[in-house]
Protein chains: 2
Amino acid sequence: MSHRPVSANGSHGIPEATVARLPVYLRALYALAENGTATVSSEELAVAAGVNSAKLRKDLSHLGSYGTRGVGYDVQYLLYQVSRELGLTQDWPVVIIGAGNLGRALANYGGFASRGFRVAALLDADASVVGTPVAGLVVQHSDEMEAVIRRHRVSIGVIVTPATSAQSVCDRLVAAGVTSILNFAPVVLNVPAGVDVRKVDLSIELQILAFHAQRRATVDNAVAGPVAGPVVGPVVRAVGT
Amino acid sequence: MSHRPVSANGSHGIPEATVARLPVYLRALYALAENGTATVSSEELAVAAGVNSAKLRKDLSHLGSYGTRGVGYDVQYLLYQVSRELGLTQDWPVVIIGAGNLGRALANYGGFASRGFRVAALLDADASVVGTPVAGLVVQHSDEMEAVIRRHRVSIGVIVTPATSAQSVCDRLVAAGVTSILNFAPVVLNVPAGVDVRKVDLSIELQILAFHAQRRATVDNAVAGPVAGPVVGPVVRAVGT
DNA sequence: CCGGCTTTGTGCAAACATTCACAAAAGCGT
DNA sequence: ACGCTTTTGTGAATGTTTGCACAAAGCCGG
């Protein structure tokens with residue numbers, strides 16, 4: 001796995017930033033399709049997706065030349081092309097490890113089961129929740145992990161365990177053949193090359209928001225000076241040791 | 001608001017990519033601190049945070065010169081500096097709108113209340129869940145939103161409503177003075193300039209994973225040809241119209 | 001006090017991403 | 001068939017992020 005040949009216009013060559021936006025375009029396209037819209041311009045689609053139109057066009061140009069100059073894009077056709085590029089013309093069985101509050105919420109989450117993904121199993125190490133019905137499934141014991149993965153040909157795992165068990169769960173997933181992992185546990189997972197990990201971390205997102213909020217507050221105060229009215233903002237507290 | 005003076009080492013000038021990594025460093029530092037580690041080198045911290053050490057050093061250099069050459073960084077001191085930079089020496093009251101499965105899971109989520117953030121209220125528009133106790137709080141009706149925001153000086157809102165109501169909830173939050181929004185609903189929110197939105201989107205993350213998984217599968221098959229054993233992977237299905 | 005060892009902080013170049021701006025393509029009305 | 005209008009697809013310019021590689025800084029043992 002060294003030099004990358006990069007075939008003509010082949011599967012690769014799509015920049016990561018573009019890949020991350022394709023799902024957003026896809027969602028906008030679904031909305032348009034349900035709406036009955038037949039064609040859409042890059043400008044309209046860009047607005048719906050919350051990006052600028054030049055970016056959208058460049059993004060789409062990586063998939064091929066699917067628009068018609070002077071007209072725009074055929075919604076159905078583009079929908080299909082984007083779906084195909086993302087691998088959503090296939091059905092991806094997913095296993096969720098951890099049936100706590102968040103794990104159960106995810107299993108119930110509609111958008112999960114919707115397009116392209118299906119929860120093959122919901123696992124937990126705690127014997128007291130094993131057997132509980134959740135979202136039309138029954139929570140199985142983590143011991144079943146390897147068997148479930150093999151039986152359903154699962155290649156995507158979602159980790160929703162406490163931080164302490166996340167790495168060992170991850171190791172077992174990888175050993176069983178899972179190559180894509182979505183991690184909700186607040187830890188940095190260690191995986192061998194060839195395994196793809198994405199993380200979703202609530203407190204990181206909040207901290208990033210706090211950073212900008214603080215910056216705004218600082219600038220505002222500096223510019224406006226001491227304020228008269230009650231200002232929306234945080235209360236100062238001591239920082240723990 | 002034209003040329004930015006950029007004070008000596010002032011609040012701004014920190015690249016967005018760096019800001020997004022600071023919380024990761026912070027977490028690693030907390031782990032080291034609990035561990036009793038007094039100093040840490042950029043290399044060690046980088047490994048713990050899952051980045052390369054040059055990047056870590058450059059990131060930290062944006063906050064100031066807090067290391068000692070030949071030694072490394074004082075864990076406690078750096079912890080404090082990063083916390084301060086992120087605005088976590090303050091306490092940020094947060095309001096969660098939507099008390100469905102996910103909203104309740106978030107309210108219960110430990111990492112939420114942990115450092116710097118506190119759930120001021122959990123709101124829902126559905127009268128049948130109002131009054132329910134969740135994580136030491138009682139679900140309040142959405143009508144209370146403006147009052148709660150003013151009373152607790154909330155500047156961060158978390159939207160966990162269905163997609164259909166997300167935009168209107170967002171508008172109300174903004175009108176009430178909230179300037180930072182974390183959006184779990186699968187829609188692109190429209191906000192005026194000066195309001196900061198971050199989104200967390202399960203199905204987008206899954207779709208990105210699917211893209212890479214598909215690419216791997218394609219390459220593998222191209223390289224290895226038809227496979228003998230049972231291959232972990234998705235089952236082909238027809239794409240809906 | 002000095003030389004050797006370690007590790008930071010940063011200049012610089014390469015890689016990646018965004019945005020502008022426009023020529024080339026396609027439809028449409030006459 | 002032709003010129004007008006619209007809108008795509010993309011070179012080129014600009015901005016951002018990464019990573020190398022090394023000088024400057026600090027500790028330590030003698």
# chains A, B, ... in the order shown; residues from 1 in each chain; ligands from 1
$ closest_atom_pairs --of "chain B" --to "chain A" --cutoff "7 Å" --atoms "only C-alpha atoms" --output "CSV"
residue,atom,partner,partner_atom,distance
B:Ser11,CA,A:Arg215,CA,6.8
B:Val19,CA,A:Ile208,CA,6.6
B:Ala20,CA,A:Ile208,CA,6.2
B:Pro23,CA,A:Ile204,CA,5.6
B:Ala49,CA,A:Val188,CA,6.5
B:Gly50,CA,A:Val188,CA,6.4
B:Glu85,CA,A:Phe211,CA,7.0
B:Leu86,CA,A:Phe211,CA,4.4
B:Gly87,CA,A:Phe211,CA,5.4
B:Thr89,CA,A:Val239,CA,5.1
B:Gln90,CA,A:Val236,CA,4.3
B:Asp91,CA,A:Val235,CA,5.3
B:Trp92,CA,A:Pro234,CA,4.9
B:Pro93,CA,A:Pro234,CA,6.6
B:Asn101,CA,A:Ala105,CA,5.0
B:Leu102,CA,A:Ala105,CA,5.2
B:Ala105,CA,A:Asn101,CA,5.0
B:Gly111,CA,A:Ser203,CA,6.4
B:Phe112,CA,A:Ser203,CA,6.1
B:Arg153,CA,A:Val232,CA,4.5
B:Val154,CA,A:Gly233,CA,6.1
B:Ser155,CA,A:Gly233,CA,5.5
B:Gly177,CA,A:Val232,CA,6.6
B:Ser180,CA,A:Leu209,CA,6.1
B:Val188,CA,A:Gly50,CA,6.3
B:Ser203,CA,A:Phe112,CA,6.1
B:Ile204,CA,A:Pro23,CA,5.6
B:Gln207,CA,A:Leu86,CA,6.4
B:Ile208,CA,A:Ala20,CA,6.2
B:Leu209,CA,A:Ser180,CA,6.0
B:Ala210,CA,A:Gly87,CA,5.9
B:Phe211,CA,A:Leu86,CA,4.4
B:Ala213,CA,A:Ser180,CA,6.7
B:Gln214,CA,A:Gly87,CA,5.7
B:Arg215,CA,A:Ser11,CA,6.6
B:Val232,CA,A:Arg153,CA,4.5
B:Gly233,CA,A:Arg153,CA,5.3
B:Pro234,CA,A:Trp92,CA,4.9
B:Val235,CA,A:Asp91,CA,5.4
B:Val236,CA,A:Gln90,CA,4.4
B:Arg237,CA,A:Gln90,CA,5.1
B:Ala238,CA,A:Thr89,CA,6.4
B:Val239,CA,A:Thr89,CA,5.2
$ interface_residues --of "chain A" --to "chain C" --cutoff "10 Å" --atoms "only C-alpha atoms (C1' of nucleotides)" --output "VMD selection string"
chain A and resid 15 to 18 52 to 55 68 to 71
$ interface_residues --of "chain A" --to "chain D" --cutoff "12 Å" --atoms "only C-alpha atoms (C1' of nucleotides)" --output "JSON, numbers by chain"
{"A": [40, 41, 42, 43, 44, 53, 54, 55, 56, 57, 58, 59, 60, 61, 62, 63, 64, 65, 66, 67, 68, 69, 70, 71, 72, 73]}
$ residues_around --residues "Val169 (chain A)" --least-positions-apart "2" --cutoff "12 Å" --atoms "only C-alpha atoms (C1' of nucleotides)" --output "MDAnalysis selection string"
chainID A and resid 95:98 123:125 142:143 145:146 157:167 171:176 178 181 183 185 189:191
$ residues_around --residues "Thr132 (chain A)" --least-positions-apart "4" --cutoff "12 Å" --atoms "only C-alpha atoms (C1' of nucleotides)" --output "CSV table (one decimal) with C-alpha atoms, in the first residue's frame"
chain,number,residue,atom,x,y,z
A,99,ALA,CA,-27.2,-0.3,24.9
A,100,GLY,CA,-27.0,2.6,27.4
A,104,ARG,CA,-30.7,2.9,22.6
A,122,LEU,CA,-27.4,-4.1,19.5
A,123,LEU,CA,-24.9,-5.5,21.9
A,124,ASP,CA,-24.1,-4.8,25.6
A,126,ASP,CA,-24.1,-5.8,31.0
A,127,ALA,CA,-26.2,-9.0,31.5
A,128,SER,CA,-29.0,-7.0,33.1
A,136,GLY,CA,-37.6,-4.0,17.3
A,137,LEU,CA,-34.4,-5.7,18.3
A,138,VAL,CA,-33.4,-7.6,21.4
A,139,VAL,CA,-30.2,-6.5,23.1
A,140,GLN,CA,-27.6,-9.3,22.8
A,141,HIS,CA,-24.6,-10.0,24.9
$ select_by_dssp --residues "region 3-237 of chain A" --states "strand (DSSP E)" --output "ChimeraX atom specification"
/A:39-40,67-68,72-74,90-97,117-124,133-134,137-138,140-141,156-159,180-183,196-199,235-236
$ write_last_selection --atoms "N, CA and C atoms" --output "short mmCIF file (atom, residue, chain, number, x, y, z; two decimals), in the first residue's frame"
data_model
loop_
_atom_site.label_atom_id
_atom_site.label_comp_id
_atom_site.auth_asym_id
_atom_site.auth_seq_id
_atom_site.Cartn_x
_atom_site.Cartn_y
_atom_site.Cartn_z
N THR A 39 -35.46 19.59 -11.92
CA THR A 39 -34.08 20.02 -12.11
C THR A 39 -33.74 21.13 -11.13
N VAL A 40 -32.45 21.27 -10.87
CA VAL A 40 -32.01 22.25 -9.89
C VAL A 40 -30.69 22.84 -10.35
N GLY A 67 -24.19 17.68 -15.06
CA GLY A 67 -25.12 18.80 -15.23
C GLY A 67 -25.31 19.13 -16.70
N THR A 68 -26.26 20.02 -16.97
CA THR A 68 -26.47 20.50 -18.32
C THR A 68 -26.35 22.02 -18.30
N GLY A 72 -29.02 23.11 -15.51
CA GLY A 72 -28.80 22.68 -14.13
C GLY A 72 -28.63 21.18 -14.06
N TYR A 73 -29.00 20.62 -12.93
CA TYR A 73 -28.84 19.19 -12.72
C TYR A 73 -30.21 18.53 -12.64
N ASP A 74 -30.33 17.35 -13.21
CA ASP A 74 -31.54 16.54 -13.06
C ASP A 74 -31.50 15.94 -11.66
N GLN A 90 -25.87 0.17 -1.91
CA GLN A 90 -25.74 -1.09 -1.19
C GLN A 90 -26.39 -0.90 0.17
N ASP A 91 -26.60 -2.01 0.86
CA ASP A 91 -27.18 -1.96 2.18
C ASP A 91 -26.08 -2.29 3.18
N TRP A 92 -25.85 -1.41 4.15
CA TRP A 92 -24.77 -1.63 5.09
C TRP A 92 -25.30 -2.06 6.45
N PRO A 93 -25.06 -3.30 6.81
CA PRO A 93 -25.44 -3.72 8.15
C PRO A 93 -24.48 -3.11 9.16
N VAL A 94 -25.03 -2.65 10.26
CA VAL A 94 -24.26 -1.95 11.28
C VAL A 94 -24.48 -2.63 12.61
N VAL A 95 -23.44 -2.70 13.41
CA VAL A 95 -23.62 -3.24 14.75
C VAL A 95 -23.35 -2.12 15.75
N ILE A 96 -24.22 -2.00 16.74
CA ILE A 96 -24.07 -0.98 17.78
C ILE A 96 -23.63 -1.66 19.06
N ILE A 97 -22.53 -1.22 19.63
CA ILE A 97 -22.07 -1.80 20.88
C ILE A 97 -22.27 -0.82 22.00
N PHE A 117 -28.56 2.04 5.66
CA PHE A 117 -28.01 1.41 6.85
C PHE A 117 -29.08 0.65 7.61
N ARG A 118 -28.66 -0.43 8.25
CA ARG A 118 -29.60 -1.26 8.98
C ARG A 118 -28.88 -1.76 10.23
N VAL A 119 -29.53 -1.62 11.36
CA VAL A 119 -28.92 -2.11 12.60
C VAL A 119 -29.06 -3.62 12.65
N ALA A 120 -27.93 -4.31 12.53
CA ALA A 120 -27.95 -5.78 12.53
C ALA A 120 -28.05 -6.30 13.95
N ALA A 121 -27.46 -5.59 14.89
CA ALA A 121 -27.53 -6.03 16.28
C ALA A 121 -27.16 -4.91 17.22
N LEU A 122 -27.70 -5.00 18.41
CA LEU A 122 -27.40 -4.06 19.48
C LEU A 122 -26.84 -4.89 20.63
N LEU A 123 -25.58 -4.64 20.97
CA LEU A 123 -24.89 -5.48 21.94
C LEU A 123 -24.58 -4.72 23.21
N ASP A 124 -24.48 -5.46 24.32
CA ASP A 124 -24.06 -4.83 25.57
C ASP A 124 -23.41 -5.88 26.45
N PRO A 133 -35.93 -5.52 24.87
CA PRO A 133 -36.26 -5.15 23.50
C PRO A 133 -36.02 -3.66 23.25
N VAL A 134 -35.37 -3.34 22.13
CA VAL A 134 -35.12 -1.95 21.75
C VAL A 134 -35.30 -1.82 20.24
N LEU A 137 -35.50 -4.77 18.13
CA LEU A 137 -34.41 -5.72 18.30
C LEU A 137 -34.39 -6.15 19.76
N VAL A 138 -33.60 -7.17 20.01
CA VAL A 138 -33.38 -7.56 21.40
C VAL A 138 -31.89 -7.39 21.67
N GLN A 140 -28.37 -8.07 22.64
CA GLN A 140 -27.63 -9.32 22.77
C GLN A 140 -26.36 -9.09 23.60
N HIS A 141 -25.81 -10.15 24.09
CA HIS A 141 -24.59 -10.01 24.89
C HIS A 141 -23.39 -9.79 23.98
N ILE A 156 -19.36 -2.16 9.47
CA ILE A 156 -19.40 -0.88 10.20
C ILE A 156 -19.84 -1.12 11.64
N GLY A 157 -19.05 -0.63 12.56
CA GLY A 157 -19.39 -0.76 13.98
C GLY A 157 -19.54 0.60 14.62
N VAL A 158 -20.50 0.72 15.53
CA VAL A 158 -20.72 1.98 16.24
C VAL A 158 -20.46 1.73 17.72
N ILE A 159 -19.50 2.43 18.27
CA ILE A 159 -19.12 2.24 19.67
C ILE A 159 -19.79 3.29 20.54
N SER A 180 -14.69 -0.11 9.50
CA SER A 180 -15.19 1.25 9.65
C SER A 180 -15.82 1.39 11.02
N ILE A 181 -15.40 2.38 11.75
CA ILE A 181 -15.89 2.52 13.12
C ILE A 181 -16.33 3.95 13.39
N LEU A 182 -17.52 4.05 13.97
CA LEU A 182 -18.02 5.35 14.40
C LEU A 182 -17.97 5.35 15.92
N ASN A 183 -17.18 6.24 16.47
CA ASN A 183 -16.91 6.20 17.91
C ASN A 183 -17.55 7.36 18.65
N ASP A 196 -10.87 2.61 9.36
CA ASP A 196 -11.31 3.99 9.29
C ASP A 196 -12.13 4.31 10.54
N VAL A 197 -11.70 5.32 11.28
CA VAL A 197 -12.45 5.70 12.48
C VAL A 197 -12.94 7.12 12.34
N ARG A 198 -14.19 7.35 12.66
CA ARG A 198 -14.69 8.71 12.79
C ARG A 198 -15.25 8.85 14.18
N LYS A 199 -15.09 10.05 14.76
CA LYS A 199 -15.60 10.20 16.11
C LYS A 199 -16.66 11.29 16.17
N VAL A 235 -21.34 32.41 33.55
CA VAL A 235 -21.01 32.86 34.88
C VAL A 235 -19.60 32.37 35.19
N VAL A 236 -18.78 33.25 35.73
CA VAL A 236 -17.41 32.84 36.01
C VAL A 236 -17.37 31.86 37.19
#
$ select_by_dssp --residues "region 29-220 of chain B" --states "helix (DSSP H, G or I)" --output "number ranges by chain"
B: 29-35, 42-49, 53-61, 75-86, 101-108, 110-113, 142-152, 163-175, 202-220
$ atom_distance --atom1 "CA of Leu32 (chain A)" --atom2 "CA of Leu78 (chain A)"
11.3 Å
$ atom_distance --atom1 "CA of Ala46 (chain B)" --atom2 "CA of Val75 (chain B)"
13.3 Å
$ atom_distance --atom1 "CA of Pro192 (chain B)" --atom2 "CA of Glu34 (chain A)"
27.7 Å
